[in-house]
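Q: Pasting in a structure now, in structure tokens, and then I'll have a few things to ask.
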Amino acid sequence: MILFHAPLGFLRLLLRSVLLALGQIWARKGRSILTTIGIVIGVASVTAVIAALTGLRANVLADFASLGVNKIYLHSQKPDRGRDRDARWDDLMLKPEEFDGVLDQCPSVAALTRVVEESTTVRVGRQEADVRVIGIEPAWHKIENRSVTLGREFTLIDTTSGRPVCLITESLRDKLRLDRDCIGQRLRLFGRAHRIVGMVEPSTKFGVFGIGRRTEEVFVPFRTLRKVQDHWMYAIAASRSPEASEEARAELLHFLRRRRKIEPGEPDTFGAEAIQRFLDQFEETAAMITLIAGGIVGISLVVGGVGIMNIMLVSVSERTREIGLRKAVGARASAILLQFLVEAIMLCLIGGLIGLLFGQVITSGIATIPKAKLERAYIPMWAVGLSFGFSALVGVVFGMFPAIKAARLDPIEALRHE
Amino acid sequence: MMIELADITKVYRVGVERIRALDGVDLAIEENEYLAVMGPSGSGKSTLMNVLGCLDRPTSGTYRLDGQLVSRMGGGGLARVRNRRIGFVFQSFELLPRLSAAKNVALPLIYSGIGWLGRRRRARDVLTRVGLAGRVRHRPNQLSGGEKQRVAIARALVSGPRILLADEPTGNLDSKTSAEILALFDELHCQGQTIVMVTHEEDVACHARRILRMRDGRVSSDERVPRPAESSGQTEGGET
């Protein structure tokens, strides 16, 4: 019977304490609000920071997604140690043939394109434009997620024989004042006529990484450009899934090391960077910022907590006679303790609630700042839970001392208190 | 025997000095007694009240309430005894200013775990008993001194205590209101309530049926007051 009734009695007492605390707080509205300012500021700032980071993260993730999280970049790189440290750059350059058979030997790699780039000026009649010419293979469209919207991709013959064909973007077409359907028309690149065979989707590479002005792009078959620029090239591989990205990278490393006959222990003579890795780095940075912000906010919560403790001590002292009376009519020390502890917790929770509202206001504010890339900022549910959890914790920690003081009051002394 | 105090001592330490506030008090109080405790200040009468009211534990000696040894009880047990078996009336009423009369009266019932409806019903009943049926919703600052003390008495009675302890209950009241309060005590006594009252006024003590005088922590005299039946009847008749 007692076992059955004890939790019910406790719940009843808890409910009483909550109502009593709310009454107490309401009776001293002004003082209570001032007291909770520390908590309000702490919670408002932490939720705003978390909301901003959440928005930033959403944007960055979207950018990465448009970049392709399963991409791995392979490029020439001089090692900073080992026997190739002083090798000539020319000897370390990646060569197209080094990638032959890569898809057969790297099961986690879904696709690979060799890429070569060169800047030049393109001419059509009297119109001209500065462009970035990119030599690609058909797999590029899938890897970069930019398909051909009009016309066709490069064919096997285009690729293997390096025919003078090209793909352009709509913005270049407009800049060169070509016809809307410009397929079949010719433009001059490197002093040679190239026939337009298709249109490529514009780049979605903007956002966090869209730094600098956008240059116009012209795409030609890899071999075609390689005839002009046979010095520097790189390759982009795509893993079968974002999760397989590290595995694909390891396979590519192994493949190229074997191809280049690099002894075990010697450093790589090329670089292999998975986009996923940048993403991981960003996540780490974001977590770090959250942690630092959390630390700063922790300090403000502690300051707020001291304010709560102070006002609770004042409250205990003001209500000494009341405590004495309650004890005289049969309140146990634990009931008094609970009453004051609950009051401190309620104060903190109210502060947390107000802080959360302010945090939401700040979040709505920063979301409207132009170019801040924070339009997706919002307070996630876990941050709401965290705010209330921490507020309650501050209430418990800093309310405990005044509550114990109240519970330990001697009723006779307390009733004699002036 | 309802209350049995045997060789109760209470020693306070003030600095290096030891003060014997109670020095070997033996006292027995029976059911439905009306006892007045008198004595000059420092005689130990307040300490005796605190011990009787289970607010304080004696340094030595035994205190039995209804045969139960309360002098050995812990804080929780004493709180329970105060809650269920003792009703306090204080000189300065000790009402909580923000609560209505009914809520003030119901306060002890919160700590005995009685539900909201039960608390309200019992508070109204007992307020009616002390003649304040029309003051249920009033706050203490809307009540006169006599009414406040009636509310306090109602609060003391609400849990149906075995013993009503009143510490100078008329100390803050004028003579007319005092008479009303004392008449109420007489009435409660007639209804069977055991009352112990501390006072330093002879005419207040006269209402009791037994007067205990204290000096230097000891009982100096303990006498029954012979009281003709019509006297108490007259007081009651005068009031109602």
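Residues are referred to by chain and number: the chain letter is A, B, ... according to the order shown in the structure tokens, the number counts from 1 in that chain, and ligands are numbered separately from 1 in the order shown.
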Could you give me, as a PyMOL selection string, the residues within 12 Å of A:Ile345, counting only C-alpha atoms and dropping anything in the same chain fewer than 3 positions from it?

A: chain A and resi 17-18+21-22+25+36+39+305+308-309+312+338-342+348-352+388-400+403

Q: Run DSSP on the backbone and give me the residues of stretch 105-247 of chain A it puts in strand (DSSP E or B), as an MDAnalysis selection string.

A: chainID A and resid 109:124 127:136 148:151 165:169 186:189 192:200 216:221 234:239

Q: Set out as a Markdown table a contact list for chain B and chain A with a cut-off of 9 Å, giving each residue of chain B that qualifies its closest atom pair and distance in Å to one decimal, counting only C-alpha atoms, ordered by chain and rising residue number.

A:
| residue | atom | partner | partner_atom | distance |
| --- | --- | --- | --- | --- |
| B:Asn50 | CA | A:Ile412 | CA | 7.6 |
| B:Gly53 | CA | A:Ala328 | CA | 8.3 |
| B:Cys54 | CA | A:Ala328 | CA | 8.6 |
| B:Leu55 | CA | A:Pro411 | CA | 6.8 |
| B:Asp56 | CA | A:Ile412 | CA | 7.8 |
| B:Gly75 | CA | A:Arg332 | CA | 7.4 |
| B:Gly76 | CA | A:Arg332 | CA | 5.8 |
| B:Gly77 | CA | A:Arg332 | CA | 8.8 |
| B:Leu78 | CA | A:Gly330 | CA | 8.0 |
| B:Ala79 | CA | A:Gly330 | CA | 4.5 |
| B:Arg80 | CA | A:Gly330 | CA | 5.8 |
| B:Val81 | CA | A:Gly330 | CA | 7.3 |
| B:Arg82 | CA | A:Gly330 | CA | 5.1 |
| B:Asn83 | CA | A:Gly330 | CA | 3.9 |
| B:Arg84 | CA | A:Gly330 | CA | 7.7 |
| B:Ile86 | CA | A:Val329 | CA | 8.0 |
| B:Gly87 | CA | A:Val329 | CA | 7.2 |
| B:Phe88 | CA | A:Val329 | CA | 7.4 |
| B:Glu94 | CA | A:Leu325 | CA | 6.8 |
| B:Leu95 | CA | A:Glu322 | CA | 8.3 |
| B:Leu96 | CA | A:Glu322 | CA | 6.8 |
| B:Arg98 | CA | A:Ala27 | CA | 8.7 |
| B:Leu107 | CA | A:Val329 | CA | 7.6 |
| B:Pro108 | CA | A:Val329 | CA | 5.2 |
| B:Leu109 | CA | A:Val329 | CA | 8.8 |
| B:Ile110 | CA | A:Leu13 | CA | 7.9 |
| B:Tyr111 | CA | A:Ala331 | CA | 5.6 |
| B:Ser112 | CA | A:Gly330 | CA | 7.9 |
| B:Gly113 | CA | A:Gly9 | CA | 6.4 |
| B:Gly115 | CA | A:Arg12 | CA | 8.5 |
| B:Arg155 | CA | A:Val329 | CA | 8.8 |
| B:Ala156 | CA | A:Val329 | CA | 8.0 |

Q: Could you write out the selected residues, including C-alpha atoms, as a PDB file, in the first residue's frame?

A:
ATOM      1  CA  ASN B  50       7.910  23.925  21.945  1.00  0.00           C
ATOM      2  CA  GLY B  53       4.339  20.932  20.222  1.00  0.00           C
ATOM      3  CA  CYS B  54       7.114  18.645  18.970  1.00  0.00           C
ATOM      4  CA  LEU B  55       8.938  21.632  17.524  1.00  0.00           C
ATOM      5  CA  ASP B  56      11.839  20.927  19.819  1.00  0.00           C
ATOM      6  CA  GLY B  75      12.459  15.071  12.072  1.00  0.00           C
ATOM      7  CA  GLY B  76      10.068  13.359   9.667  1.00  0.00           C
ATOM      8  CA  GLY B  77       8.159  11.626  12.461  1.00  0.00           C
ATOM      9  CA  LEU B  78       7.856  14.838  14.442  1.00  0.00           C
ATOM     10  CA  ALA B  79       6.577  16.671  11.351  1.00  0.00           C
ATOM     11  CA  ARG B  80       3.921  13.994  11.039  1.00  0.00           C
ATOM     12  CA  VAL B  81       2.943  14.332  14.691  1.00  0.00           C
ATOM     13  CA  ARG B  82       2.696  18.128  14.331  1.00  0.00           C
ATOM     14  CA  ASN B  83       0.641  17.687  11.211  1.00  0.00           C
ATOM     15  CA  ARG B  84      -1.875  15.175  12.543  1.00  0.00           C
ATOM     16  CA  ILE B  86      -1.079  19.117  17.225  1.00  0.00           C
ATOM     17  CA  GLY B  87      -2.674  22.407  16.346  1.00  0.00           C
ATOM     18  CA  PHE B  88      -0.769  25.645  16.913  1.00  0.00           C
ATOM     19  CA  GLU B  94       1.065  33.673  11.302  1.00  0.00           C
ATOM     20  CA  LEU B  95      -1.351  33.694   8.387  1.00  0.00           C
ATOM     21  CA  LEU B  96       0.118  33.692   4.880  1.00  0.00           C
ATOM     22  CA  ARG B  98      -1.404  35.976  -0.166  1.00  0.00           C
ATOM     23  CA  LEU B 107      -2.453  24.561   4.717  1.00  0.00           C
ATOM     24  CA  PRO B 108      -1.780  21.674   7.126  1.00  0.00           C
ATOM     25  CA  LEU B 109      -3.904  19.346   4.989  1.00  0.00           C
ATOM     26  CA  ILE B 110      -1.526  19.830   2.056  1.00  0.00           C
ATOM     27  CA  TYR B 111       1.144  18.107   4.090  1.00  0.00           C
ATOM     28  CA  SER B 112      -1.148  15.267   5.048  1.00  0.00           C
ATOM     29  CA  GLY B 113      -1.750  14.589   1.370  1.00  0.00           C
ATOM     30  CA  GLY B 115      -6.862  16.264  -2.149  1.00  0.00           C
ATOM     31  CA  ARG B 155      -6.185  26.186  10.846  1.00  0.00           C
ATOM     32  CA  ALA B 156      -5.064  24.635  14.117  1.00  0.00           C
TER      33      ALA B 156
END

Q: Can you pull out the residues contacting stretch 116-128 of chain B? Cut-off 9 Å, using only C-alpha atoms, and skip same-chain residues under 3 positions away; I want them as a ChimeraX atom specification.

A: /B:101-107,109-110,131-136,150-151,153-155,157-159

Q: Need the shell around B:Asp222: protein/DNA/RNA residues with any atom at most 7 Å away, counting only C-alpha atoms. Skip same-chain ones fewer than 4 positions apart. Format as JSON, numbers by chain?

A: {"B": [211, 212, 213]}

Q: Hey, can you spit out that residue selection with C-alpha atoms as an mmCIF file, in the first residue's frame?

A:
data_model
loop_
_atom_site.group_PDB
_atom_site.id
_atom_site.type_symbol
_atom_site.label_atom_id
_atom_site.label_comp_id
_atom_site.auth_asym_id
_atom_site.auth_seq_id
_atom_site.Cartn_x
_atom_site.Cartn_y
_atom_site.Cartn_z
ATOM 1 C CA ILE B 211 -3.045 26.554 35.922
ATOM 2 C CA LEU B 212 0.587 25.540 35.764
ATOM 3 C CA ARG B 213 3.053 28.103 37.018
#

Q: Report as a PyMOL selection string all protein, DNA and RNA residues lying within 12 Å of stretch 216-218 of chain A, evaluated on only C-alpha atoms, omitting residues in the same chain fewer than 4 positions from it.

A: chain A and resi 116-123+128-136+165-176+187-189+194-203+222+225
